[in-house]
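The structure appears below as structure tokens.
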Amino acid sequence: MEKLLEIKNLKVQYNTDEAVVYALNDFSLDLGQGEILGVVGETGAGKTTMALSIMKLLPEHVAEVTGGSITYRGTDVFTMSQKQLRDLRGAEVSMIFQDPMTSLNPVMTVGSQIDEVLRLHNPDMTKADREKRVAEILTMVGIPPERAVQFPHQFSGGMKQRVVIAMALVAEPNLLLADEPTTALDVTIQAQILALMKNLQEKFGTSMILITHDLGIVAEFCENVAVVYGGEVIERGTVEQVFARAANHPYTDALFQCIPDLTSDMARLTPIPGFVLDSRTAPAGCPFAERCARCTERCKNEKPSIHTVEAGHSIKCHLFENGVSQ
Ligand SMILES: Nc1ncnc2c1ncn2[C@@H]1O[C@H](COP(=O)(O)OP(=O)(O)O)[C@@H](O)[C@H]1O
Ligand SMILES: [Mg+2]
């Protein structure tokens with residue numbers, strides 16, 4: 001698969017008045033053209049920070065990139081010109097945020113908001129053609145096109161998220177970053193929206209990163225999965241490899257143990273009881289050491305490297321030093 005996106009040893013911290021938060025520590029991840037990757041991890045793991053970094057949308061002044069790189073189609077995102085960034089955020093990458101109101105303007109009709117995206121990306125398109133396209137994309141996401149004249153507050157939560165998806169897709173992005181797009185929605189609507197996104201992904205051949213804390217969604221929707229813990233990707237593989245449970249990072253193991261039945265609605269990723277992820281100290285060793293049942297002295301002091309357990313399946317843990325669990 002051709003490499004589309006490459007995040008290498010990325011380090012991002014938030015410098016707040018109270019503390020320095022180490023959000024991403026040595027975060028590495030590749031994405032191939034056309035790949036559908038699930039990024040899974042509990043709240044605070046650094047998933048949103050990763051997505052914002054790709055778009056170079058980290059909050060200014062507070063966020064600081066202290067190391068590493070991101071390349072998109074071989075170009076370094078952090079050194080892109082304003083024009084290259086505009087193209088990246090417009091024509092190349094679209095992001096769907098968890099809260100639809102992050103992307104919607106409350107005082108503009110949904111039709112004119114979609115129209116604005118179109119106008120930005122296709123300056124030569126006539127008004128009539130844009131109108132036609134707005135109606136088409138609304139229909140595609142299951143919104144009657146006559147609702148284009150309505151305002152966001154006239155839509156339910158699920159419908160608002162559909163509008164956001166329509167806005168993300170009308171630009172025909174090459175990469176869709178979906179940050180917990182269905183977390184706020186009820187299970188039925190969640191399933192509908194995911195099915196819709198999958199259809200559109202298949203139709204347009206879009207590459208996709210689906211951020212979620214729900215392993216059930218990953219199993220159903222993604223071909224590959226990256227497990228994030230403490231600002232690092234600690235396991236990466238195909239859904240089959242990771243869900244086979246033959247070899248997993250102890251954190252991934254713990255995640256699976258928290259889930260009674262993957263096919264039920266209970267496949268939510270609950271933090272392992274008794275611990276809260278604290279990103280205010282950068283760990284000297286493995287970020288999971290403190291919570292790990294199999295932790296050794298070495299784990300506390302020495303950062304594990306990434307070990308390949310099988311082609312396409314890698315685990316960042318000392319236990320897998322020789323490719324098999326010790
Ligand atoms: N704007 C911010 N200012 C300070 N800390 C932040 C900010 N955004 C995120 N963080 C912190 O960075 C860490 C990673 O957060 P985030 O990327 O939002 O994780 P996730 O999306 O996996 O829940 C957390 O400890 C979070 O509290
Ligand atoms: Mg988040």
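Residue names in the structure tokens use chain letters A, B, ... in the order shown, residue numbers from 1 in each chain, and ligand numbers from 1 in the order shown.
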Checklist line | 12 Å contact set for Pro59 of chain A, only C-alpha atoms, chain neighbours under 3 positions out, as a PyMOL selection string | finding: chain A and resi 12-16+48-49+52-53+55-56+62-65
Take the selection from the previous step and output its residues with C-alpha atoms, as a CSV table (one decimal), in the first residue's frame.
chain,number,residue,atom,x,y,z
A,12,VAL,CA,3.3,17.3,21.7
A,13,GLN,CA,2.8,19.0,25.0
A,14,TYR,CA,0.3,21.5,26.4
A,15,ASN,CA,1.9,24.2,28.5
A,16,THR,CA,-0.8,25.4,30.8
A,48,THR,CA,-7.6,14.2,19.4
A,49,THR,CA,-4.2,15.7,19.8
A,52,LEU,CA,-5.3,18.1,15.4
A,53,SER,CA,-1.5,17.7,14.7
A,55,MET,CA,-4.3,19.1,10.3
A,56,LYS,CA,-1.8,21.5,12.0
A,62,VAL,CA,-0.8,26.3,24.5
A,63,ALA,CA,0.3,23.4,22.4
A,64,GLU,CA,4.0,22.9,21.6
A,65,VAL,CA,5.5,20.3,19.2
Pull the closest atom pair for each residue of chain A that gets at most 9 Å from ligand 1, along with the distance in Å to one decimal, counting only C-alpha atoms and all ligand atoms, ordering rows by chain and then ascending residue number, as a Markdown table.
| residue | atom | partner | partner_atom_place_in_ligand_line | distance |
| --- | --- | --- | --- | --- |
| A:Val12 | CA | ligand 1 | 12 (O) | 8.8 |
| A:Gln13 | CA | ligand 1 | 12 (O) | 7.4 |
| A:Tyr14 | CA | ligand 1 | 4 (C) | 4.9 |
| A:Asn15 | CA | ligand 1 | 4 (C) | 6.8 |
| A:Thr16 | CA | ligand 1 | 4 (C) | 5.9 |
| A:Ala19 | CA | ligand 1 | 4 (C) | 8.4 |
| A:Val20 | CA | ligand 1 | 4 (C) | 7.9 |
| A:Val21 | CA | ligand 1 | 5 (N) | 5.8 |
| A:Tyr22 | CA | ligand 1 | 12 (O) | 6.7 |
| A:Ala23 | CA | ligand 1 | 13 (C) | 4.3 |
| A:Leu24 | CA | ligand 1 | 14 (C) | 7.3 |
| A:Val40 | CA | ligand 1 | 22 (O) | 8.2 |
| A:Gly41 | CA | ligand 1 | 22 (O) | 6.3 |
| A:Glu42 | CA | ligand 1 | 22 (O) | 6.0 |
| A:Thr43 | CA | ligand 1 | 23 (O) | 3.5 |
| A:Gly44 | CA | ligand 1 | 19 (O) | 3.6 |
| A:Ala45 | CA | ligand 1 | 22 (O) | 3.8 |
| A:Gly46 | CA | ligand 1 | 17 (O) | 3.3 |
| A:Lys47 | CA | ligand 1 | 22 (O) | 3.7 |
| A:Thr48 | CA | ligand 1 | 21 (O) | 3.7 |
| A:Thr49 | CA | ligand 1 | 17 (O) | 3.7 |
| A:Met50 | CA | ligand 1 | 17 (O) | 6.5 |
| A:Ala51 | CA | ligand 1 | 17 (O) | 8.1 |
| A:Leu52 | CA | ligand 1 | 17 (O) | 8.4 |
| A:Leu58 | CA | ligand 1 | 1 (N) | 8.1 |
| A:Pro59 | CA | ligand 1 | 1 (N) | 6.3 |
| A:Val62 | CA | ligand 1 | 3 (N) | 6.3 |
| A:Ala63 | CA | ligand 1 | 1 (N) | 7.0 |
| A:Asp179 | CA | ligand 1 | 21 (O) | 7.9 |
| A:Glu180 | CA | ligand 1 | 21 (O) | 8.6 |
| A:Ile211 | CA | ligand 1 | 21 (O) | 8.3 |
| A:Thr212 | CA | ligand 1 | 22 (O) | 8.6 |
| A:His213 | CA | ligand 1 | 22 (O) | 8.3 |
| A:Val228 | CA | ligand 1 | 22 (O) | 7.9 |
| A:Tyr229 | CA | ligand 1 | 22 (O) | 8.4 |
| A:Gly230 | CA | ligand 1 | 14 (C) | 8.1 |
| A:Gly231 | CA | ligand 1 | 14 (C) | 7.1 |
| A:Leu277 | CA | ligand 1 | 25 (O) | 7.4 |
| A:Asp278 | CA | ligand 1 | 25 (O) | 6.5 |
| A:Ser279 | CA | ligand 1 | 25 (O) | 5.1 |
| A:Arg280 | CA | ligand 1 | 25 (O) | 7.4 |
Please write the residues from the selection above to a file, keeping C-alpha atoms, as a PDB file, in the first residue's frame.
ATOM      1  CA  VAL A  12       3.328  17.292  21.662  1.00  0.00           C
ATOM      2  CA  GLN A  13       2.844  18.981  25.009  1.00  0.00           C
ATOM      3  CA  TYR A  14       0.346  21.497  26.363  1.00  0.00           C
ATOM      4  CA  ASN A  15       1.897  24.243  28.450  1.00  0.00           C
ATOM      5  CA  THR A  16      -0.849  25.381  30.791  1.00  0.00           C
ATOM      6  CA  ALA A  19       1.161  22.135  34.493  1.00  0.00           C
ATOM      7  CA  VAL A  20       2.831  20.799  31.401  1.00  0.00           C
ATOM      8  CA  VAL A  21       0.735  18.003  29.910  1.00  0.00           C
ATOM      9  CA  TYR A  22       2.678  15.490  27.826  1.00  0.00           C
ATOM     10  CA  ALA A  23      -0.053  14.545  25.368  1.00  0.00           C
ATOM     11  CA  LEU A  24       1.964  12.735  22.701  1.00  0.00           C
ATOM     12  CA  VAL A  40      -8.576   3.254  19.893  1.00  0.00           C
ATOM     13  CA  GLY A  41      -7.712   4.315  23.420  1.00  0.00           C
ATOM     14  CA  GLU A  42      -9.313   5.720  26.529  1.00  0.00           C
ATOM     15  CA  THR A  43     -10.002   9.396  27.215  1.00  0.00           C
ATOM     16  CA  GLY A  44      -6.806  11.388  27.600  1.00  0.00           C
ATOM     17  CA  ALA A  45      -4.711   8.964  25.535  1.00  0.00           C
ATOM     18  CA  GLY A  46      -3.906  11.666  22.966  1.00  0.00           C
ATOM     19  CA  LYS A  47      -6.221  10.713  20.089  1.00  0.00           C
ATOM     20  CA  THR A  48      -7.622  14.189  19.425  1.00  0.00           C
ATOM     21  CA  THR A  49      -4.161  15.736  19.787  1.00  0.00           C
ATOM     22  CA  MET A  50      -2.975  13.361  17.065  1.00  0.00           C
ATOM     23  CA  ALA A  51      -5.807  14.387  14.734  1.00  0.00           C
ATOM     24  CA  LEU A  52      -5.273  18.103  15.353  1.00  0.00           C
ATOM     25  CA  LEU A  58      -3.295  22.433  17.551  1.00  0.00           C
ATOM     26  CA  PRO A  59      -4.288  25.366  19.797  1.00  0.00           C
ATOM     27  CA  VAL A  62      -0.766  26.334  24.531  1.00  0.00           C
ATOM     28  CA  ALA A  63       0.323  23.399  22.387  1.00  0.00           C
ATOM     29  CA  ASP A 179     -12.865  11.922  15.867  1.00  0.00           C
ATOM     30  CA  GLU A 180     -15.436   9.907  17.810  1.00  0.00           C
ATOM     31  CA  ILE A 211     -10.957   7.572  16.329  1.00  0.00           C
ATOM     32  CA  THR A 212     -13.055   5.789  18.894  1.00  0.00           C
ATOM     33  CA  HIS A 213     -13.012   4.380  22.385  1.00  0.00           C
ATOM     34  CA  VAL A 228      -2.995   4.282  21.869  1.00  0.00           C
ATOM     35  CA  TYR A 229      -1.928   4.573  25.480  1.00  0.00           C
ATOM     36  CA  GLY A 230      -0.292   7.508  27.234  1.00  0.00           C
ATOM     37  CA  GLY A 231       0.410   9.348  23.995  1.00  0.00           C
ATOM     38  CA  LEU A 277      -4.423   8.444  33.130  1.00  0.00           C
ATOM     39  CA  ASP A 278      -2.053  11.180  34.294  1.00  0.00           C
ATOM     40  CA  SER A 279      -0.131  12.917  31.521  1.00  0.00           C
ATOM     41  CA  ARG A 280       1.629  15.448  33.722  1.00  0.00           C
TER      42      ARG A 280
END
Notebook entry, point to check: Residues at most 12 Å from Thr109 of chain A, counting only C-alpha atoms, excluding those fewer than 5 positions away in the same chain, as a list in words?
Noted result: Leu104, Ile114, Asp115, Glu116, Val134, Glu146, Arg147, Ala148, Val149, Gln150, Phe151, Pro152, His153, Gln154, Phe155, Lys160 and Val163 of chain A
Checklist line | Distance of atom CA of Thr308 of chain A from atom CA of Ala293 of chain A, expressed in Å to one decimal place | finding: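 Between atom CA of Ala293 of chain A and atom CA of Thr308 of chain A the gap is 21.7 Å.
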Item checked: Using only C-alpha atoms and all ligand atoms: which of A:Ala195, A:Lys3, A:Ala178, A:Glu18 has the shortest distance to ligand 2 ->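 Once distances to ligand 2 are computed over only C-alpha atoms and all ligand atoms, the minimum belongs to A:Ala178.
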Notebook entry, point to check: Among segment 90-272 of chain A, which ones does DSSP place in strand (DSSP E or B), written as a VMD selection string?
Noted result: chain A and resid 93 to 96 175 to 179 207 to 212 214 224 to 229 232 to 238 268
Next item on the list: Please identify all polymer residues within 9 Å of Pro173 of chain A, counting only C-alpha atoms, omitting same-chain residues fewer than 6 positions from it, and present them as a list in words.
Entry: Arg89, Gly90, Ala91, Glu92, Val93, Ser94, Phe204, Thr206 and Ser207 of chain A
Written file, previous selection with N, CA and C atoms, as a compact mmCIF listing (two decimals), in the first residue's frame:
# COMPACT_ATOMS: atom_id res chain seq x y z
N ARG A 89 -6.03 21.15 4.33
CA ARG A 89 -7.26 21.16 5.13
C ARG A 89 -8.50 21.17 4.25
N GLY A 90 -8.33 21.59 3.03
CA GLY A 90 -9.48 21.68 2.14
C GLY A 90 -9.58 20.45 1.28
N ALA A 91 -8.77 20.39 0.25
CA ALA A 91 -8.90 19.35 -0.76
C ALA A 91 -8.47 17.98 -0.26
N GLU A 92 -7.52 17.93 0.67
CA GLU A 92 -6.94 16.64 1.01
C GLU A 92 -7.57 15.97 2.24
N VAL A 93 -7.65 16.71 3.32
CA VAL A 93 -8.07 16.11 4.59
C VAL A 93 -9.29 16.83 5.15
N SER A 94 -10.30 16.06 5.55
CA SER A 94 -11.44 16.65 6.27
C SER A 94 -11.53 16.01 7.64
N PHE A 204 -15.96 6.53 -2.71
CA PHE A 204 -14.92 7.50 -3.08
C PHE A 204 -13.50 6.97 -2.88
N THR A 206 -11.92 6.77 -0.15
CA THR A 206 -11.29 7.66 0.82
C THR A 206 -10.48 6.87 1.85
N SER A 207 -9.34 7.40 2.22
CA SER A 207 -8.60 6.83 3.35
C SER A 207 -9.25 7.36 4.62
Next item on the list: Run DSSP on the backbone of this structure and report the residues of segment 102-242 of chain A it assigns to alpha helix (DSSP H), as an NGL selection string.
Entry: :A and (110-121 or 127-140 or 157-170 or 187-204 or 215-221 or 239-242)
Note to self: Please compute the atom CA of Gly67 of chain A-atom CA of Lys11 of chain A distance, one decimal, in Å.
What the structure shows: 4.9 Å
Next item on the list: Find the residues near Ile96 of chain A: any atom within 8 Å, counting only C-alpha atoms, skip ones fewer than 3 places away on the same chain, and give them as a ChimeraX atom specification.
Entry: /A:100,103,164-165,168,176-179,181
Go ahead and dump the residues you just picked, N, CA and C atoms, as a JSON list (two decimals), in the first residue's frame.
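Result written to part.json:
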[["chain", "number", "residue", "atom", "x", "y", "z"],
["A", 100, "PRO", "N", -20.78, 18.08, 16.78],
["A", 100, "PRO", "CA", -21.06, 18.68, 15.47],
["A", 100, "PRO", "C", -21.03, 20.21, 15.49],
["A", 103, "SER", "N", -18.17, 22.38, 14.13],
["A", 103, "SER", "CA", -18.03, 22.65, 12.69],
["A", 103, "SER", "C", -19.17, 23.48, 12.12],
["A", 164, "VAL", "N", -22.62, 17.59, 9.22],
["A", 164, "VAL", "CA", -21.16, 17.70, 9.33],
["A", 164, "VAL", "C", -20.47, 16.71, 8.38],
["A", 165, "ILE", "N", -21.02, 15.50, 8.32],
["A", 165, "ILE", "CA", -20.45, 14.50, 7.42],
["A", 165, "ILE", "C", -20.61, 14.96, 5.96],
["A", 168, "ALA", "N", -18.02, 17.45, 5.32],
["A", 168, "ALA", "CA", -16.69, 16.82, 5.22],
["A", 168, "ALA", "C", -16.53, 16.15, 3.87],
["A", 176, "LEU", "N", -10.16, 11.16, 5.51],
["A", 176, "LEU", "CA", -11.18, 11.60, 6.44],
["A", 176, "LEU", "C", -10.73, 11.25, 7.85],
["A", 177, "LEU", "N", -10.66, 12.27, 8.70],
["A", 177, "LEU", "CA", -10.32, 12.05, 10.11],
["A", 177, "LEU", "C", -11.61, 12.18, 10.89],
["A", 178, "ALA", "N", -12.08, 11.09, 11.43],
["A", 178, "ALA", "CA", -13.34, 11.13, 12.17],
["A", 178, "ALA", "C", -13.05, 10.93, 13.65],
["A", 179, "ASP", "N", -13.21, 11.98, 14.45],
["A", 179, "ASP", "CA", -12.86, 11.92, 15.87],
["A", 179, "ASP", "C", -14.11, 11.62, 16.69],
["A", 181, "PRO", "N", -16.99, 10.27, 15.96],
["A", 181, "PRO", "CA", -18.10, 10.98, 15.30],
["A", 181, "PRO", "C", -19.47, 10.57, 15.81]]
Next item on the list: Rank A:Ile70, A:Leu175, A:Leu200, A:Leu210 by their smallest atom-to-atom distance to ligand 2, using only C-alpha atoms and all ligand atoms, and report the top residue only.
Entry: A:Leu210
Margin query: Quick check, in Å to one decimal: how far apart do atom CA of Ala191 of chain A and atom CA of Ile54 of chain A lie?
Written below: 26.7 Å
Next item on the list: Compare A:Leu194, A:Leu118, A:Val39, A:Val242 by their minimum atom-to-atom distance to ligand 2, counting only C-alpha atoms and all ligand atoms, and give me the closest one.
Entry: A:Val39
Next item on the list: Could you check which of A:Gln98, A:Asn224, A:Ser156, A:Gln82 is closest to ligand 2, using only C-alpha atoms and all ligand atoms?
Entry: A:Gln98
